[in-house]
>>> print(open('data-v4.cif').read())   # mmCIF, C-alpha atoms
data_run
loop_
_atom_site.label_atom_id
_atom_site.label_comp_id
_atom_site.auth_asym_id
_atom_site.auth_seq_id
_atom_site.Cartn_x
_atom_site.Cartn_y
_atom_site.Cartn_z
CA MET A 34 196.65 -21.50 -161.55
CA GLN A 35 193.11 -21.57 -160.15
CA PRO A 36 190.91 -18.64 -161.09
CA LYS A 37 189.53 -16.43 -158.34
CA TYR A 38 185.92 -16.84 -157.30
CA CYS A 39 185.22 -13.26 -158.33
CA ASP A 40 186.55 -13.96 -161.86
CA ILE A 41 184.24 -16.96 -162.20
CA PHE A 42 181.33 -14.92 -160.84
CA TRP A 43 181.93 -11.96 -163.19
CA SER A 44 182.35 -14.18 -166.23
CA PHE A 45 179.05 -15.94 -165.64
CA LEU A 46 177.33 -12.70 -164.60
CA LYS A 47 178.25 -11.23 -168.01
CA VAL A 48 176.98 -14.33 -169.76
CA GLY A 49 173.69 -14.28 -167.86
CA ALA A 50 173.22 -10.53 -168.14
CA PHE A 51 173.97 -10.00 -171.81
CA THR A 52 172.29 -12.97 -173.43
CA VAL A 53 168.79 -12.77 -174.82
CA GLY A 54 167.19 -15.97 -176.02
CA GLY A 55 168.05 -18.65 -173.53
CA GLY A 56 170.82 -21.16 -173.01
CA TYR A 57 171.86 -21.81 -176.60
CA ALA A 58 172.23 -18.11 -177.28
CA MET A 59 174.74 -18.06 -174.40
CA ILE A 60 177.15 -20.43 -176.12
CA PRO A 61 179.14 -17.77 -178.05
CA LEU A 62 179.54 -15.63 -174.92
CA MET A 63 180.50 -18.62 -172.80
CA GLN A 64 182.98 -19.74 -175.41
CA ARG A 65 184.55 -16.27 -175.52
CA GLU A 66 184.78 -16.07 -171.72
CA LEU A 67 185.85 -19.63 -170.92
CA VAL A 68 188.01 -20.56 -173.91
CA THR A 69 189.25 -17.40 -175.62
CA LYS A 70 189.51 -14.79 -172.87
CA HIS A 71 190.47 -16.81 -169.78
CA GLY A 72 191.71 -20.08 -171.31
CA TRP A 73 190.03 -22.07 -168.55
CA MET A 74 189.38 -24.88 -171.04
CA GLY A 75 190.21 -25.84 -174.60
CA GLU A 76 187.88 -25.78 -177.58
CA GLU A 77 187.32 -29.54 -177.55
CA GLU A 78 186.65 -29.65 -173.82
CA PHE A 79 184.19 -26.78 -174.21
CA MET A 80 182.31 -28.67 -176.94
CA ASP A 81 182.22 -31.79 -174.75
CA GLN A 82 180.84 -29.74 -171.87
CA VAL A 83 178.17 -28.19 -174.12
CA ALA A 84 177.09 -31.67 -175.26
CA LEU A 85 176.99 -32.97 -171.70
CA SER A 86 175.04 -29.92 -170.49
CA GLN A 87 172.49 -30.47 -173.22
CA ALA A 88 172.08 -34.12 -172.29
CA MET A 89 171.62 -33.46 -168.56
CA PRO A 90 168.18 -32.65 -167.19
CA GLY A 91 167.65 -29.05 -166.19
CA VAL A 92 168.48 -25.64 -167.57
CA PHE A 93 171.36 -25.68 -170.06
CA ALA A 94 173.00 -22.47 -168.80
CA VAL A 95 172.89 -23.61 -165.18
CA ASN A 96 174.33 -26.99 -166.17
CA MET A 97 177.21 -25.24 -167.96
CA ALA A 98 177.82 -22.92 -165.01
CA THR A 99 177.73 -25.80 -162.55
CA MET A 100 180.15 -27.99 -164.47
CA THR A 101 182.56 -25.16 -165.25
CA GLY A 102 182.55 -23.74 -161.73
CA TYR A 103 183.02 -27.19 -160.23
CA ARG A 104 185.83 -28.00 -162.62
CA LEU A 105 187.61 -24.73 -161.82
CA ARG A 106 187.12 -24.44 -158.04
CA GLY A 107 185.02 -27.33 -156.74
CA LYS A 108 181.67 -26.85 -154.98
CA GLY A 109 182.37 -23.20 -154.17
CA GLY A 110 183.19 -22.48 -157.81
CA ALA A 111 179.99 -24.20 -158.91
CA ALA A 112 177.91 -22.12 -156.48
CA VAL A 113 179.57 -18.86 -157.54
CA ALA A 114 179.12 -19.65 -161.25
CA ILE A 115 175.44 -20.52 -160.77
CA VAL A 116 174.70 -17.36 -158.80
CA GLY A 117 176.53 -15.23 -161.35
CA ASN A 118 174.70 -16.87 -164.21
CA VAL A 119 171.16 -16.56 -162.84
CA LEU A 120 171.33 -13.34 -160.79
CA VAL A 121 170.51 -10.82 -163.53
CA PRO A 122 167.84 -12.95 -165.25
CA ILE A 123 166.07 -13.58 -161.93
CA VAL A 124 166.07 -9.87 -161.05
CA PHE A 125 164.88 -9.03 -164.57
CA ILE A 126 162.07 -11.60 -164.43
CA LEU A 127 160.94 -10.32 -161.04
CA LEU A 128 160.85 -6.74 -162.32
CA LEU A 129 159.12 -7.84 -165.50
CA ALA A 130 156.49 -9.74 -163.51
CA MET A 131 155.86 -6.69 -161.32
CA PHE A 132 155.27 -4.38 -164.28
CA PHE A 133 153.97 -6.81 -166.90
CA ARG A 134 150.36 -5.73 -166.71
CA THR A 135 151.37 -2.14 -167.32
CA PHE A 136 153.07 -2.69 -170.67
CA ARG A 137 151.63 -6.02 -171.81
CA GLU A 138 149.62 -4.37 -174.61
CA ASN A 139 152.20 -1.68 -175.46
CA PRO A 140 152.94 -1.78 -179.23
CA ILE A 141 156.48 -0.43 -178.72
CA VAL A 142 157.36 -3.27 -176.35
CA ASP A 143 155.80 -5.72 -178.80
CA ARG A 144 157.98 -4.35 -181.62
CA ILE A 145 161.09 -4.56 -179.46
CA PHE A 146 160.47 -8.26 -178.83
CA MET A 147 159.71 -8.85 -182.52
CA GLY A 148 163.03 -7.17 -183.36
CA LEU A 149 164.90 -9.39 -180.92
CA ARG A 150 163.72 -12.61 -182.59
CA PRO A 151 166.11 -12.52 -185.59
CA ALA A 152 169.01 -11.66 -183.29
CA VAL A 153 168.19 -14.65 -181.10
CA VAL A 154 168.10 -16.93 -184.17
CA ALA A 155 171.54 -15.63 -185.20
CA LEU A 156 172.90 -16.09 -181.67
CA ILE A 157 171.73 -19.70 -181.69
CA ALA A 158 172.89 -20.42 -185.27
CA ALA A 159 176.41 -19.00 -184.85
CA PRO A 160 177.63 -21.53 -182.27
CA VAL A 161 176.02 -24.37 -184.23
CA PHE A 162 178.24 -23.58 -187.21
CA THR A 163 181.29 -23.00 -185.02
CA MET A 164 180.84 -26.26 -183.14
CA ALA A 165 180.19 -28.15 -186.39
CA ARG A 166 183.42 -26.78 -187.85
CA ASN A 167 185.40 -27.59 -184.69
CA ALA A 168 183.89 -31.08 -184.51
CA LYS A 169 184.82 -31.54 -188.18
CA VAL A 170 181.23 -32.30 -189.15
CA GLY A 171 181.05 -32.51 -192.93
CA TRP A 172 178.25 -31.49 -195.25
CA SER A 173 177.30 -35.15 -195.51
CA ASN A 174 175.92 -34.90 -191.95
CA VAL A 175 173.87 -31.72 -192.47
CA TRP A 176 170.80 -33.74 -193.42
CA ILE A 177 170.46 -35.01 -189.84
CA PRO A 178 169.49 -31.71 -188.13
CA VAL A 179 167.53 -30.61 -191.21
CA ALA A 180 165.51 -33.84 -191.24
CA SER A 181 165.01 -33.61 -187.47
CA ALA A 182 163.75 -30.04 -187.70
CA LEU A 183 161.39 -30.90 -190.54
CA LEU A 184 159.99 -33.92 -188.69
CA ILE A 185 159.26 -31.75 -185.66
CA TRP A 186 158.03 -28.66 -187.48
CA LEU A 187 156.10 -30.02 -190.46
CA PHE A 188 154.93 -33.40 -189.20
CA GLY A 189 154.54 -32.66 -185.50
CA VAL A 190 156.81 -35.52 -184.39
CA SER A 191 157.71 -35.22 -180.73
CA PRO A 192 161.29 -33.99 -180.16
CA ILE A 193 161.66 -36.80 -177.61
CA VAL A 194 160.95 -39.38 -180.32
CA VAL A 195 163.42 -37.67 -182.67
CA VAL A 196 166.15 -37.70 -180.01
CA LEU A 197 165.52 -41.35 -179.07
CA VAL A 198 165.50 -42.50 -182.70
CA ALA A 199 168.66 -40.49 -183.44
CA ALA A 200 170.39 -42.02 -180.41
CA LEU A 201 169.37 -45.52 -181.50
CA LEU A 202 170.51 -44.94 -185.09
CA GLY A 203 173.79 -43.46 -183.85
CA TYR A 204 174.39 -46.50 -181.67
CA ILE A 205 173.62 -48.88 -184.55
CA TYR A 206 175.89 -46.88 -186.86
CA SER A 207 178.74 -47.05 -184.34
CA LEU A 208 178.32 -50.86 -184.08
CA ILE A 209 178.38 -51.23 -187.86
CA THR A 210 181.42 -49.00 -188.39
CA ARG A 211 183.31 -50.54 -185.48
CA ASN A 212 182.90 -54.06 -186.87
CA SER A 213 183.86 -53.17 -190.45
#
>>> encode(input="data-v4.cif", output="C-alpha cells")
Amino acid sequence: MQPKYCDIFWSFLKVGAFTVGGGYAMIPLMQRELVTKHGWMGEEEFMDQVALSQAMPGVFAVNMATMTGYRLRGKGGAAVAIVGNVLVPIVFILLLAMFFRTFRENPIVDRIFMGLRPAVVALIAAPVFTMARNAKVGWSNVWIPVASALLIWLFGVSPIVVVLVAALLGYIYSLITRNS
C-alpha cells in the first residue's frame, strides 16, 4: 500500500527538524522513520540508498529525501519529501541570519554550540557502527576509515584523492578476488 503524501511529508519534516549536525546525523532518524516505524524499505535497501545518496552530487539529506519520496510516490512523493526535509532548516537559517549579529558574541550561545559538538559526533558515529554491523564489515576492514581519516587530518591529503584512491583500490581488489 502506498503511503500518503502527508505521511511522507511528516516523516521528513521530523528528520529535518530534529537533526543537528547535517546529513549524516540524520541517518539514525531516517532509519527509524523509513525502516523501523513505517517499513517503507528494508535494512539492506536503506543502506544501499544511503551509499547512493553519498555518492551523488548535492546535499545528502535532500538526495535521501528525493530518492525515498520518488520510490514511494513518484515525482509528487519526491517533492513532498524534499519540502518536508528542508522546510524547518530553511526557516531556522533565515531566522538565524536575521538575528545573528545580535547574539554572535554571546558566550551562552557559544557554550550551547560547544555542547552540541559531542552530540553531533555521537549522532554521526552511531549509524556508522550500525551500518557496519548490518553490512557485516569485520574488524579486518576497520583500518580503511581510520587510515583515511589520518591521511586527511594529519597529513592534509585531499578527501577527493582519498576517495579516488580507495575506489581504485576497491576496483583492483574486486578484480583480484573475482579471478581467484
>>> closest_residue(input="data-v4.cif", among="A:Gly102, A:Pro192, A:Gly49, A:Gly117", to="Pro36 in chain A", atoms="all atoms listed in the file")
A:Gly102
>>> closest_residue(input="data-v4.cif", among="A:Ala165, A:Ile141, A:Leu129, A:Val153", to="Glu76 in chain A", atoms="all atoms listed in the file")
A:Ala165
>>> residues_around(input="data-v4.cif", residues="Tyr57 in chain A", least_positions_apart="2", cutoff="12 Å", atoms="all atoms listed in the file", output="PDB file with C-alpha atoms, in the coordinates of the input")
ATOM      1  CA  VAL A  48     176.980 -14.330-169.760  1.00  0.00           C
ATOM      2  CA  GLY A  49     173.690 -14.280-167.860  1.00  0.00           C
ATOM      3  CA  THR A  52     172.290 -12.970-173.430  1.00  0.00           C
ATOM      4  CA  VAL A  53     168.790 -12.770-174.820  1.00  0.00           C
ATOM      5  CA  GLY A  54     167.190 -15.970-176.020  1.00  0.00           C
ATOM      6  CA  GLY A  55     168.050 -18.650-173.530  1.00  0.00           C
ATOM      7  CA  MET A  59     174.740 -18.060-174.400  1.00  0.00           C
ATOM      8  CA  ILE A  60     177.150 -20.430-176.120  1.00  0.00           C
ATOM      9  CA  PRO A  61     179.140 -17.770-178.050  1.00  0.00           C
ATOM     10  CA  LEU A  62     179.540 -15.630-174.920  1.00  0.00           C
ATOM     11  CA  MET A  63     180.500 -18.620-172.800  1.00  0.00           C
ATOM     12  CA  GLN A  64     182.980 -19.740-175.410  1.00  0.00           C
ATOM     13  CA  VAL A  83     178.170 -28.190-174.120  1.00  0.00           C
ATOM     14  CA  ALA A  84     177.090 -31.670-175.260  1.00  0.00           C
ATOM     15  CA  SER A  86     175.040 -29.920-170.490  1.00  0.00           C
ATOM     16  CA  GLN A  87     172.490 -30.470-173.220  1.00  0.00           C
ATOM     17  CA  VAL A  92     168.480 -25.640-167.570  1.00  0.00           C
ATOM     18  CA  PHE A  93     171.360 -25.680-170.060  1.00  0.00           C
ATOM     19  CA  ALA A  94     173.000 -22.470-168.800  1.00  0.00           C
ATOM     20  CA  VAL A  95     172.890 -23.610-165.180  1.00  0.00           C
ATOM     21  CA  ASN A  96     174.330 -26.990-166.170  1.00  0.00           C
ATOM     22  CA  MET A  97     177.210 -25.240-167.960  1.00  0.00           C
ATOM     23  CA  VAL A 153     168.190 -14.650-181.100  1.00  0.00           C
ATOM     24  CA  VAL A 154     168.100 -16.930-184.170  1.00  0.00           C
ATOM     25  CA  ALA A 155     171.540 -15.630-185.200  1.00  0.00           C
ATOM     26  CA  LEU A 156     172.900 -16.090-181.670  1.00  0.00           C
ATOM     27  CA  ILE A 157     171.730 -19.700-181.690  1.00  0.00           C
ATOM     28  CA  ALA A 158     172.890 -20.420-185.270  1.00  0.00           C
ATOM     29  CA  ALA A 159     176.410 -19.000-184.850  1.00  0.00           C
ATOM     30  CA  PRO A 160     177.630 -21.530-182.270  1.00  0.00           C
ATOM     31  CA  VAL A 161     176.020 -24.370-184.230  1.00  0.00           C
ATOM     32  CA  MET A 164     180.840 -26.260-183.140  1.00  0.00           C
TER      33      MET A 164
END
>>> resolve_selection(input="data-v4.cif", expression="the PyMOL selection byres ((chain A and resi 112) around 10)", output="MDAnalysis selection string")
chainID A and resid 38 41:42 98:99 102:103 106:111 113:118
>>> decode(input="data-v4.cif", residues="range 59-76 of chain A", atoms="N, CA and C atoms", output="mmCIF file, in the first residue's frame")
data_model
loop_
_atom_site.group_PDB
_atom_site.id
_atom_site.type_symbol
_atom_site.label_atom_id
_atom_site.label_comp_id
_atom_site.auth_asym_id
_atom_site.auth_seq_id
_atom_site.Cartn_x
_atom_site.Cartn_y
_atom_site.Cartn_z
ATOM 1 N N MET A 59 21.460 12.681 10.368
ATOM 2 C CA MET A 59 20.066 12.345 10.088
ATOM 3 C C MET A 59 19.848 10.848 9.898
ATOM 4 N N ILE A 60 20.905 10.111 9.660
ATOM 5 C CA ILE A 60 20.768 8.698 9.313
ATOM 6 C C ILE A 60 19.979 7.908 10.364
ATOM 7 N N PRO A 61 20.277 8.042 11.666
ATOM 8 C CA PRO A 61 19.501 7.246 12.633
ATOM 9 C C PRO A 61 18.008 7.596 12.614
ATOM 10 N N LEU A 62 17.686 8.889 12.483
ATOM 11 C CA LEU A 62 16.277 9.275 12.438
ATOM 12 C C LEU A 62 15.609 8.776 11.169
ATOM 13 N N MET A 63 16.309 8.884 10.045
ATOM 14 C CA MET A 63 15.750 8.377 8.789
ATOM 15 C C MET A 63 15.525 6.874 8.874
ATOM 16 N N GLN A 64 16.493 6.182 9.431
ATOM 17 C CA GLN A 64 16.379 4.733 9.550
ATOM 18 C C GLN A 64 15.173 4.361 10.419
ATOM 19 N N ARG A 65 14.998 5.073 11.510
ATOM 20 C CA ARG A 65 13.859 4.808 12.399
ATOM 21 C C ARG A 65 12.542 5.073 11.673
ATOM 22 N N GLU A 66 12.461 6.177 10.945
ATOM 23 C CA GLU A 66 11.222 6.537 10.250
ATOM 24 C C GLU A 66 10.931 5.614 9.072
ATOM 25 N N LEU A 67 11.939 5.389 8.231
ATOM 26 C CA LEU A 67 11.721 4.688 6.967
ATOM 27 C C LEU A 67 11.703 3.167 7.106
ATOM 28 N N VAL A 68 12.562 2.644 7.977
ATOM 29 C CA VAL A 68 12.699 1.188 8.095
ATOM 30 C C VAL A 68 11.882 0.652 9.264
ATOM 31 N N THR A 69 12.131 1.185 10.456
ATOM 32 C CA THR A 69 11.530 0.629 11.659
ATOM 33 C C THR A 69 10.063 1.011 11.818
ATOM 34 N N LYS A 70 9.773 2.300 11.773
ATOM 35 C CA LYS A 70 8.418 2.767 12.058
ATOM 36 C C LYS A 70 7.432 2.455 10.928
ATOM 37 N N HIS A 71 7.770 2.852 9.703
ATOM 38 C CA HIS A 71 6.820 2.715 8.593
ATOM 39 C C HIS A 71 7.048 1.466 7.740
ATOM 40 N N GLY A 72 8.249 0.897 7.781
ATOM 41 C CA GLY A 72 8.543 -0.275 6.970
ATOM 42 C C GLY A 72 8.491 0.000 5.472
ATOM 43 N N TRP A 73 8.822 1.225 5.077
ATOM 44 C CA TRP A 73 8.784 1.599 3.671
ATOM 45 C C TRP A 73 9.922 0.961 2.880
ATOM 46 N N MET A 74 10.960 0.511 3.591
ATOM 47 C CA MET A 74 12.066 -0.186 2.939
ATOM 48 C C MET A 74 12.754 -1.055 3.968
ATOM 49 N N GLY A 75 13.491 -2.044 3.482
ATOM 50 C CA GLY A 75 14.239 -2.927 4.367
ATOM 51 C C GLY A 75 15.579 -2.325 4.743
ATOM 52 N N GLU A 76 16.238 -2.976 5.677
ATOM 53 C CA GLU A 76 17.535 -2.509 6.179
ATOM 54 C C GLU A 76 18.579 -2.453 5.063
#
